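**Student:** File protein-v2.pdb below, PDB, C-alpha atoms, pLDDT in the B column:
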ATOM      1  CA  MET A1072      69.209  60.606   9.784  1.00 49.00           C
ATOM      2  CA  ALA A1073      72.156  60.144   7.410  1.00 51.00           C
ATOM      3  CA  GLN A1074      71.308  59.576   3.786  1.00 53.00           C
ATOM      4  CA  THR A1075      72.929  56.681   1.993  1.00 49.00           C
ATOM      5  CA  LYS A1076      73.787  56.909  -1.655  1.00 52.00           C
ATOM      6  CA  SER A1077      72.581  54.064  -3.802  1.00 49.00           C
ATOM      7  CA  LEU A1078      74.861  52.641  -6.424  1.00 44.00           C
ATOM      8  CA  PRO A1079      73.880  53.142 -10.060  1.00 47.00           C
ATOM      9  CA  ARG A1080      72.221  50.131 -11.663  1.00 50.00           C
ATOM     10  CA  HIS A1081      74.352  50.304 -14.788  1.00 46.00           C
ATOM     11  CA  SER A1082      77.884  51.522 -15.124  1.00 47.00           C
ATOM     12  CA  HIS A1083      78.421  54.050 -17.886  1.00 47.00           C
ATOM     13  CA  SER A1084      82.075  53.137 -18.273  1.00 53.00           C
ATOM     14  CA  LYS A1085      82.708  50.859 -21.206  1.00 63.00           C
ATOM     15  CA  SER A1086      84.747  47.750 -20.546  1.00 63.00           C
ATOM     16  CA  VAL A1087      86.192  45.551 -23.255  1.00 70.00           C
ATOM     17  CA  LEU A1088      85.699  41.829 -22.967  1.00 78.00           C
ATOM     18  CA  LYS A1089      89.018  40.031 -23.384  1.00 92.00           C
ATOM     19  CA  TYR A1090      89.374  36.984 -25.584  1.00 96.00           C
ATOM     20  CA  LYS A1091      90.323  33.787 -23.748  1.00 98.00           C
ATOM     21  CA  ILE A1092      92.838  31.664 -25.634  1.00 98.00           C
ATOM     22  CA  CYS A1093      93.535  28.124 -24.429  1.00 98.00           C
ATOM     23  CA  VAL A1094      96.967  26.629 -24.981  1.00 98.00           C
ATOM     24  CA  SER A1095      96.596  22.860 -25.007  1.00 98.00           C
ATOM     25  CA  GLY A1096      99.536  20.484 -25.071  1.00 98.00           C
ATOM     26  CA  ALA A1097     101.499  17.676 -23.510  1.00 98.00           C
ATOM     27  CA  ALA A1098     102.073  17.754 -19.748  1.00 97.00           C
ATOM     28  CA  ALA A1099     105.110  15.496 -20.299  1.00 97.00           C
ATOM     29  CA  THR A1100     107.171  16.801 -23.199  1.00 97.00           C
ATOM     30  CA  GLY A1101     109.825  14.127 -23.767  1.00 96.00           C
ATOM     31  CA  HIS A1102     108.339  13.246 -27.163  1.00 97.00           C
ATOM     32  CA  CYS A1103     107.854  16.870 -28.258  1.00 98.00           C
ATOM     33  CA  SER A1104     110.183  18.749 -30.583  1.00 98.00           C
ATOM     34  CA  PRO A1105     113.284  20.222 -28.887  1.00 98.00           C
ATOM     35  CA  ASP A1106     111.892  23.765 -29.241  1.00 98.00           C
ATOM     36  CA  ALA A1107     108.257  23.016 -28.255  1.00 98.00           C
ATOM     37  CA  ASN A1108     108.575  24.489 -24.747  1.00 98.00           C
ATOM     38  CA  GLU A1109     110.235  27.606 -26.135  1.00 98.00           C
ATOM     39  CA  LYS A1110     107.418  28.021 -28.679  1.00 98.00           C
ATOM     40  CA  ALA A1111     104.805  27.550 -25.939  1.00 98.00           C
ATOM     41  CA  GLU A1112     106.466  30.244 -23.839  1.00 98.00           C
ATOM     42  CA  LEU A1113     106.562  32.579 -26.846  1.00 98.00           C
ATOM     43  CA  LEU A1114     102.900  31.941 -27.589  1.00 98.00           C
ATOM     44  CA  GLY A1115     101.951  32.678 -23.976  1.00 98.00           C
ATOM     45  CA  ARG A1116     103.873  35.941 -24.156  1.00 98.00           C
ATOM     46  CA  LEU A1117     102.203  36.901 -27.445  1.00 98.00           C
ATOM     47  CA  ILE A1118      98.750  36.179 -26.035  1.00 98.00           C
ATOM     48  CA  ALA A1119      99.502  38.508 -23.107  1.00 98.00           C
ATOM     49  CA  GLU A1120     100.962  41.192 -25.378  1.00 98.00           C
ATOM     50  CA  HIS A1121      97.735  41.142 -27.414  1.00 97.00           C
ATOM     51  CA  GLY A1122      95.804  41.880 -24.197  1.00 97.00           C
ATOM     52  CA  MET A1123      94.094  38.496 -24.111  1.00 98.00           C
ATOM     53  CA  VAL A1124      93.681  35.985 -21.286  1.00 98.00           C
ATOM     54  CA  LEU A1125      95.596  32.705 -21.415  1.00 98.00           C
ATOM     55  CA  VAL A1126      93.620  29.654 -20.277  1.00 98.00           C
ATOM     56  CA  THR A1127      95.414  26.399 -19.395  1.00 98.00           C
ATOM     57  CA  GLY A1128      94.793  23.015 -17.812  1.00 98.00           C
ATOM     58  CA  ALA A1129      96.827  24.198 -14.787  1.00 98.00           C
ATOM     59  CA  THR A1130      99.389  21.513 -15.436  1.00 98.00           C
ATOM     60  CA  THR A1131     103.043  20.906 -16.280  1.00 98.00           C
ATOM     61  CA  GLY A1132     104.714  20.834 -19.690  1.00 98.00           C
ATOM     62  CA  ILE A1133     103.414  22.892 -22.610  1.00 98.00           C
ATOM     63  CA  PRO A1134     100.609  24.673 -20.676  1.00 98.00           C
ATOM     64  CA  TYR A1135     103.065  25.533 -17.901  1.00 98.00           C
ATOM     65  CA  TRP A1136     105.542  27.105 -20.336  1.00 98.00           C
ATOM     66  CA  ALA A1137     102.759  29.093 -21.983  1.00 98.00           C
ATOM     67  CA  ALA A1138     101.657  30.350 -18.545  1.00 98.00           C
ATOM     68  CA  LYS A1139     105.245  31.350 -17.739  1.00 98.00           C
ATOM     69  CA  GLY A1140     105.492  33.363 -20.969  1.00 98.00           C
ATOM     70  CA  ALA A1141     102.185  35.111 -20.340  1.00 98.00           C
ATOM     71  CA  LYS A1142     102.984  36.031 -16.733  1.00 98.00           C
ATOM     72  CA  GLU A1143     106.438  37.329 -17.645  1.00 98.00           C
ATOM     73  CA  ALA A1144     104.641  39.661 -20.079  1.00 98.00           C
ATOM     74  CA  ASP A1145     102.248  40.788 -17.290  1.00 98.00           C
ATOM     75  CA  GLY A1146      99.357  38.800 -18.738  1.00 98.00           C
ATOM     76  CA  THR A1147      96.422  37.137 -17.029  1.00 98.00           C
ATOM     77  CA  VAL A1148      96.396  33.345 -16.731  1.00 98.00           C
ATOM     78  CA  ILE A1149      93.452  31.189 -15.641  1.00 98.00           C
ATOM     79  CA  GLY A1150      93.964  27.488 -15.000  1.00 98.00           C
ATOM     80  CA  PHE A1151      91.382  24.701 -14.821  1.00 98.00           C
ATOM     81  CA  SER A1152      92.519  21.913 -12.510  1.00 98.00           C
ATOM     82  CA  PRO A1153      91.256  18.321 -12.507  1.00 98.00           C
ATOM     83  CA  ALA A1154      91.420  18.443  -8.687  1.00 98.00           C
ATOM     84  CA  SER A1155      88.660  19.475  -6.289  1.00 98.00           C
ATOM     85  CA  SER A1156      90.927  21.587  -4.067  1.00 98.00           C
ATOM     86  CA  LYS A1157      94.320  23.197  -3.910  1.00 98.00           C
ATOM     87  CA  ALA A1158      95.500  20.414  -1.584  1.00 98.00           C
ATOM     88  CA  ALA A1159      94.458  17.717  -4.076  1.00 98.00           C
ATOM     89  CA  HIS A1160      95.926  19.740  -6.937  1.00 98.00           C
ATOM     90  CA  LEU A1161      99.300  19.736  -5.192  1.00 98.00           C
ATOM     91  CA  ARG A1162      99.342  16.396  -3.347  1.00 98.00           C
ATOM     92  CA  THR A1163      97.227  14.045  -5.453  1.00 98.00           C
ATOM     93  CA  TYR A1164      97.792  15.359  -8.969  1.00 98.00           C
ATOM     94  CA  HIS A1165     101.232  16.894  -8.295  1.00 98.00           C
ATOM     95  CA  LEU A1166     100.451  19.976 -10.388  1.00 98.00           C
ATOM     96  CA  PRO A1167     101.952  23.475 -10.127  1.00 97.00           C
ATOM     97  CA  THR A1168     100.235  26.684  -9.005  1.00 97.00           C
ATOM     98  CA  ASP A1169     102.804  29.242 -10.107  1.00 97.00           C
ATOM     99  CA  TYR A1170     102.343  31.488 -13.161  1.00 98.00           C
ATOM    100  CA  HIS A1171      98.557  31.519 -12.703  1.00 98.00           C
ATOM    101  CA  ASP A1172      96.289  34.309 -11.428  1.00 98.00           C
ATOM    102  CA  VAL A1173      93.304  32.051 -10.840  1.00 98.00           C
ATOM    103  CA  ILE A1174      93.001  28.278 -10.646  1.00 98.00           C
ATOM    104  CA  VAL A1175      89.512  26.793 -10.844  1.00 98.00           C
ATOM    105  CA  TYR A1176      89.414  23.486  -8.968  1.00 98.00           C
ATOM    106  CA  THR A1177      86.839  21.599 -11.023  1.00 98.00           C
ATOM    107  CA  GLY A1178      86.874  18.291  -9.155  1.00 98.00           C
ATOM    108  CA  PHE A1179      86.008  16.505 -12.422  1.00 98.00           C
ATOM    109  CA  ASP A1180      89.315  14.701 -13.056  1.00 98.00           C
ATOM    110  CA  TYR A1181      90.959  15.137 -16.448  1.00 97.00           C
ATOM    111  CA  ALA A1182      88.058  14.422 -18.815  1.00 96.00           C
ATOM    112  CA  GLY A1183      85.667  16.775 -16.991  1.00 97.00           C
ATOM    113  CA  ARG A1184      88.372  19.403 -16.605  1.00 98.00           C
ATOM    114  CA  ASN A1185      89.050  19.235 -20.354  1.00 98.00           C
ATOM    115  CA  LEU A1186      85.410  19.922 -21.142  1.00 97.00           C
ATOM    116  CA  LEU A1187      85.232  22.972 -18.849  1.00 97.00           C
ATOM    117  CA  LEU A1188      88.607  24.218 -20.079  1.00 98.00           C
ATOM    118  CA  THR A1189      87.657  24.130 -23.748  1.00 97.00           C
ATOM    119  CA  ARG A1190      84.104  25.385 -23.249  1.00 97.00           C
ATOM    120  CA  SER A1191      85.444  28.369 -21.276  1.00 97.00           C
ATOM    121  CA  SER A1192      87.831  29.370 -24.078  1.00 98.00           C
ATOM    122  CA  ASP A1193      87.172  31.407 -27.212  1.00 98.00           C
ATOM    123  CA  ALA A1194      89.816  29.461 -29.150  1.00 98.00           C
ATOM    124  CA  ILE A1195      92.227  26.577 -28.580  1.00 98.00           C
ATOM    125  CA  ILE A1196      95.816  26.311 -29.770  1.00 98.00           C
ATOM    126  CA  THR A1197      97.458  22.883 -29.772  1.00 98.00           C
ATOM    127  CA  ILE A1198     101.211  22.470 -29.257  1.00 98.00           C
ATOM    128  CA  CYS A1199     102.638  18.936 -29.329  1.00 98.00           C
ATOM    129  CA  GLY A1200     100.271  16.874 -27.196  1.00 97.00           C
ATOM    130  CA  ARG A1201      99.178  13.397 -26.197  1.00 97.00           C
ATOM    131  CA  MET A1202      95.776  11.726 -25.691  1.00 97.00           C
ATOM    132  CA  GLY A1203      94.435  14.439 -23.335  1.00 96.00           C
ATOM    133  CA  THR A1204      95.349  17.076 -25.914  1.00 98.00           C
ATOM    134  CA  LEU A1205      93.457  15.101 -28.546  1.00 97.00           C
ATOM    135  CA  ASN A1206      90.447  15.066 -26.192  1.00 97.00           C
ATOM    136  CA  GLU A1207      90.603  18.856 -25.803  1.00 98.00           C
ATOM    137  CA  PHE A1208      90.950  19.262 -29.567  1.00 98.00           C
ATOM    138  CA  THR A1209      87.950  17.050 -30.374  1.00 97.00           C
ATOM    139  CA  VAL A1210      85.737  18.819 -27.831  1.00 97.00           C
ATOM    140  CA  GLY A1211      86.702  22.153 -29.393  1.00 97.00           C
ATOM    141  CA  TYR A1212      86.162  20.692 -32.855  1.00 96.00           C
ATOM    142  CA  GLU A1213      82.641  19.483 -31.998  1.00 95.00           C
ATOM    143  CA  ASP A1214      81.885  22.905 -30.455  1.00 96.00           C
ATOM    144  CA  LYS A1215      83.120  24.585 -33.679  1.00 95.00           C
ATOM    145  CA  LYS A1216      85.658  26.673 -31.780  1.00 96.00           C
ATOM    146  CA  PRO A1217      88.511  28.303 -33.701  1.00 98.00           C
ATOM    147  CA  LEU A1218      91.357  25.787 -33.460  1.00 98.00           C
ATOM    148  CA  GLY A1219      95.014  26.476 -34.121  1.00 98.00           C
ATOM    149  CA  VAL A1220      97.637  23.758 -34.473  1.00 98.00           C
ATOM    150  CA  LEU A1221     101.321  24.635 -34.135  1.00 98.00           C
ATOM    151  CA  LEU A1222     103.048  22.300 -36.566  1.00 98.00           C
ATOM    152  CA  LYS A1223     106.505  20.776 -36.153  1.00 98.00           C
ATOM    153  CA  THR A1224     106.133  20.586 -32.372  1.00 98.00           C
ATOM    154  CA  GLY A1225     105.697  16.803 -32.260  1.00 98.00           C
ATOM    155  CA  GLY A1226     103.006  14.565 -30.793  1.00 98.00           C
ATOM    156  CA  MET A1227      99.346  15.151 -31.620  1.00 97.00           C
ATOM    157  CA  ALA A1228      99.992  18.520 -33.272  1.00 98.00           C
ATOM    158  CA  ASP A1229     101.771  16.775 -36.126  1.00 98.00           C
ATOM    159  CA  MET A1230      99.112  14.028 -36.388  1.00 97.00           C
ATOM    160  CA  LEU A1231      95.934  16.122 -36.364  1.00 97.00           C
ATOM    161  CA  SER A1232      95.881  16.880 -40.074  1.00 95.00           C
ATOM    162  CA  GLY A1233      95.785  13.154 -40.858  1.00 95.00           C
ATOM    163  CA  ILE A1234      93.172  12.496 -38.162  1.00 94.00           C
ATOM    164  CA  ILE A1235      90.936  15.235 -39.591  1.00 94.00           C
ATOM    165  CA  ASP A1236      91.349  13.915 -43.134  1.00 93.00           C
ATOM    166  CA  LYS A1237      90.261  10.446 -42.006  1.00 93.00           C
ATOM    167  CA  SER A1238      87.303  11.780 -40.024  1.00 89.00           C
ATOM    168  CA  TYR A1239      85.553  13.037 -43.200  1.00 89.00           C
ATOM    169  CA  ARG A1240      84.149  16.031 -41.346  1.00 87.00           C
ATOM    170  CA  GLY A1241      86.162  18.919 -42.827  1.00 84.00           C
ATOM    171  CA  SER A1242      88.535  21.385 -41.231  1.00 86.00           C
ATOM    172  CA  SER A1243      87.005  24.834 -41.793  1.00 88.00           C
ATOM    173  CA  ASN A1244      87.566  25.859 -38.159  1.00 94.00           C
ATOM    174  CA  VAL A1245      91.161  24.522 -37.956  1.00 97.00           C
ATOM    175  CA  ILE A1246      94.289  26.477 -38.864  1.00 97.00           C
ATOM    176  CA  PHE A1247      97.707  24.889 -39.208  1.00 98.00           C
ATOM    177  CA  ASP A1248     100.942  26.890 -39.068  1.00 98.00           C
ATOM    178  CA  GLU A1249     104.482  26.395 -37.806  1.00 98.00           C
ATOM    179  CA  ASN A1250     104.973  30.033 -36.802  1.00 98.00           C
ATOM    180  CA  PRO A1251     103.490  30.932 -33.363  1.00 98.00           C
ATOM    181  CA  ALA A1252     102.937  34.633 -34.114  1.00 98.00           C
ATOM    182  CA  ARG A1253     101.337  34.001 -37.489  1.00 98.00           C
ATOM    183  CA  LEU A1254      99.124  31.261 -36.057  1.00 98.00           C
ATOM    184  CA  LEU A1255      97.916  33.506 -33.232  1.00 98.00           C
ATOM    185  CA  ASP A1256      97.129  36.344 -35.662  1.00 98.00           C
ATOM    186  CA  LYS A1257      94.965  33.978 -37.720  1.00 97.00           C
ATOM    187  CA  ILE A1258      93.212  32.656 -34.603  1.00 98.00           C
ATOM    188  CA  ILE A1259      92.466  36.211 -33.396  1.00 97.00           C
ATOM    189  CA  LYS A1260      90.807  36.993 -36.738  1.00 96.00           C
ATOM    190  CA  MET A1261      88.657  33.870 -36.427  1.00 96.00           C
ATOM    191  CA  VAL A1262      87.616  34.785 -32.879  1.00 96.00           C
ATOM    192  CA  GLN A1263      86.769  38.333 -33.968  1.00 94.00           C
ATOM    193  CA  GLU A1264      84.567  36.924 -36.727  1.00 91.00           C
ATOM    194  CA  ASP A1265      82.826  34.672 -34.190  1.00 86.00           C
ATOM    195  CA  TYR A1266      82.138  37.648 -31.924  1.00 83.00           C
ATOM    196  CA  LYS A1267      80.663  39.628 -34.842  1.00 82.00           C
ATOM    197  CA  GLU A1268      78.239  36.800 -35.557  1.00 70.00           C
TER     198      GLU A1268
END
Let me see the file written as structure tokens.

**Tutor:**
Amino acid sequence: MAQTKSLPRHSHSKSVLKYKICVSGAAATGHCSPDANEKAELLGRLIAEHGMVLVTGATTGIPYWAAKGAKEADGTVIGFSPASSKAAHLRTYHLPTDYHDVIVYTGFDYAGRNLLLTRSSDAIITICGRMGTLNEFTVGYEDKKPLGVLLKTGGMADMLSGIIDKSYRGSSNVIFDENPARLLDKIIKMVQEDYKE
């Protein structure tokens, strides 16, 4: 009778958990600054170059450009779709599938997708944005996630400071910067502190 080898219960090889950084922003970018897409692409590339995973709403606009930058730098990109299937993602929501390694079809429309997207991320970076971006920001804010806001990109990104001031809740977990690389470095430090705790 042939003996079968059992697999070890625990692997002795050490794996490093990668940080998941969400890039949140406008799916339609007509109101964004002229260089917002370029900055999103750069940020996606920087996230990949730091060995982290980019998380997006699997949509057009700012998240799409960030995904493109990450994939062109051989990064990993996970998207959270509002649709319940690939067919609905493409035909009902008219959303792209390229530049992503994995797309999770949540089936929870935009509001539910936003909750899963932000809860699945270690930090959220806002570029430009509209109402959905504000929703993602406020969920992250309530969850006390590290939040980065790329200034001078238009839309919600340039309004959030005023919104926070008028909310009377403080901004200890929010970082504002107009330089993508500098903003990401600050966000990484915040995430590392969270992991230590």

**Student:** So that all listed atoms of region 1144-1152 of chain A fit with 4 Å spare on each side, what axis-aligned box centre and edge lengths in Å, to one decimal, would you give as lines of an AutoDock Vina configuration file?

**Tutor:**
center_x = 98.0
center_y = 31.4
center_z = -16.3
size_x = 21.3
size_y = 26.9
size_z = 15.6

**Student:** Compare A:Leu1166, A:Leu1187, A:Ala1137, A:Leu1254 by their minimum atom-to-atom distance to Phe1151 (chain A), counting all atoms listed in the file, and give me the closest one.

**Tutor:**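 Among the listed residues, the smallest separation from Phe1151 (chain A) belongs to A:Leu1187.
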
**Student:** Specify as JSON, numbers by chain each residue included when the PyMOL selection byres ((chain A and resi 1221) around 6) is applied to this file.

**Tutor:** {"A": [1198, 1220, 1222, 1248, 1249]}

**Student:** Starting from the shown file, work through the PyMOL selection byres ((chain A and resi 1228-1236) around 10) and note down what comes out as a PyMOL selection string.

**Tutor:** chain A and resi 1095-1097+1103+1196-1201+1204-1205+1208-1209+1212+1219-1227+1237-1242+1245-1247

**Student:** Run the PyMOL selection byres ((chain A and resi 1098) around 8) on the file and write out the hits as a PyMOL selection string.

**Tutor:** chain A and resi 1096-1097+1099-1100+1130-1134+1200
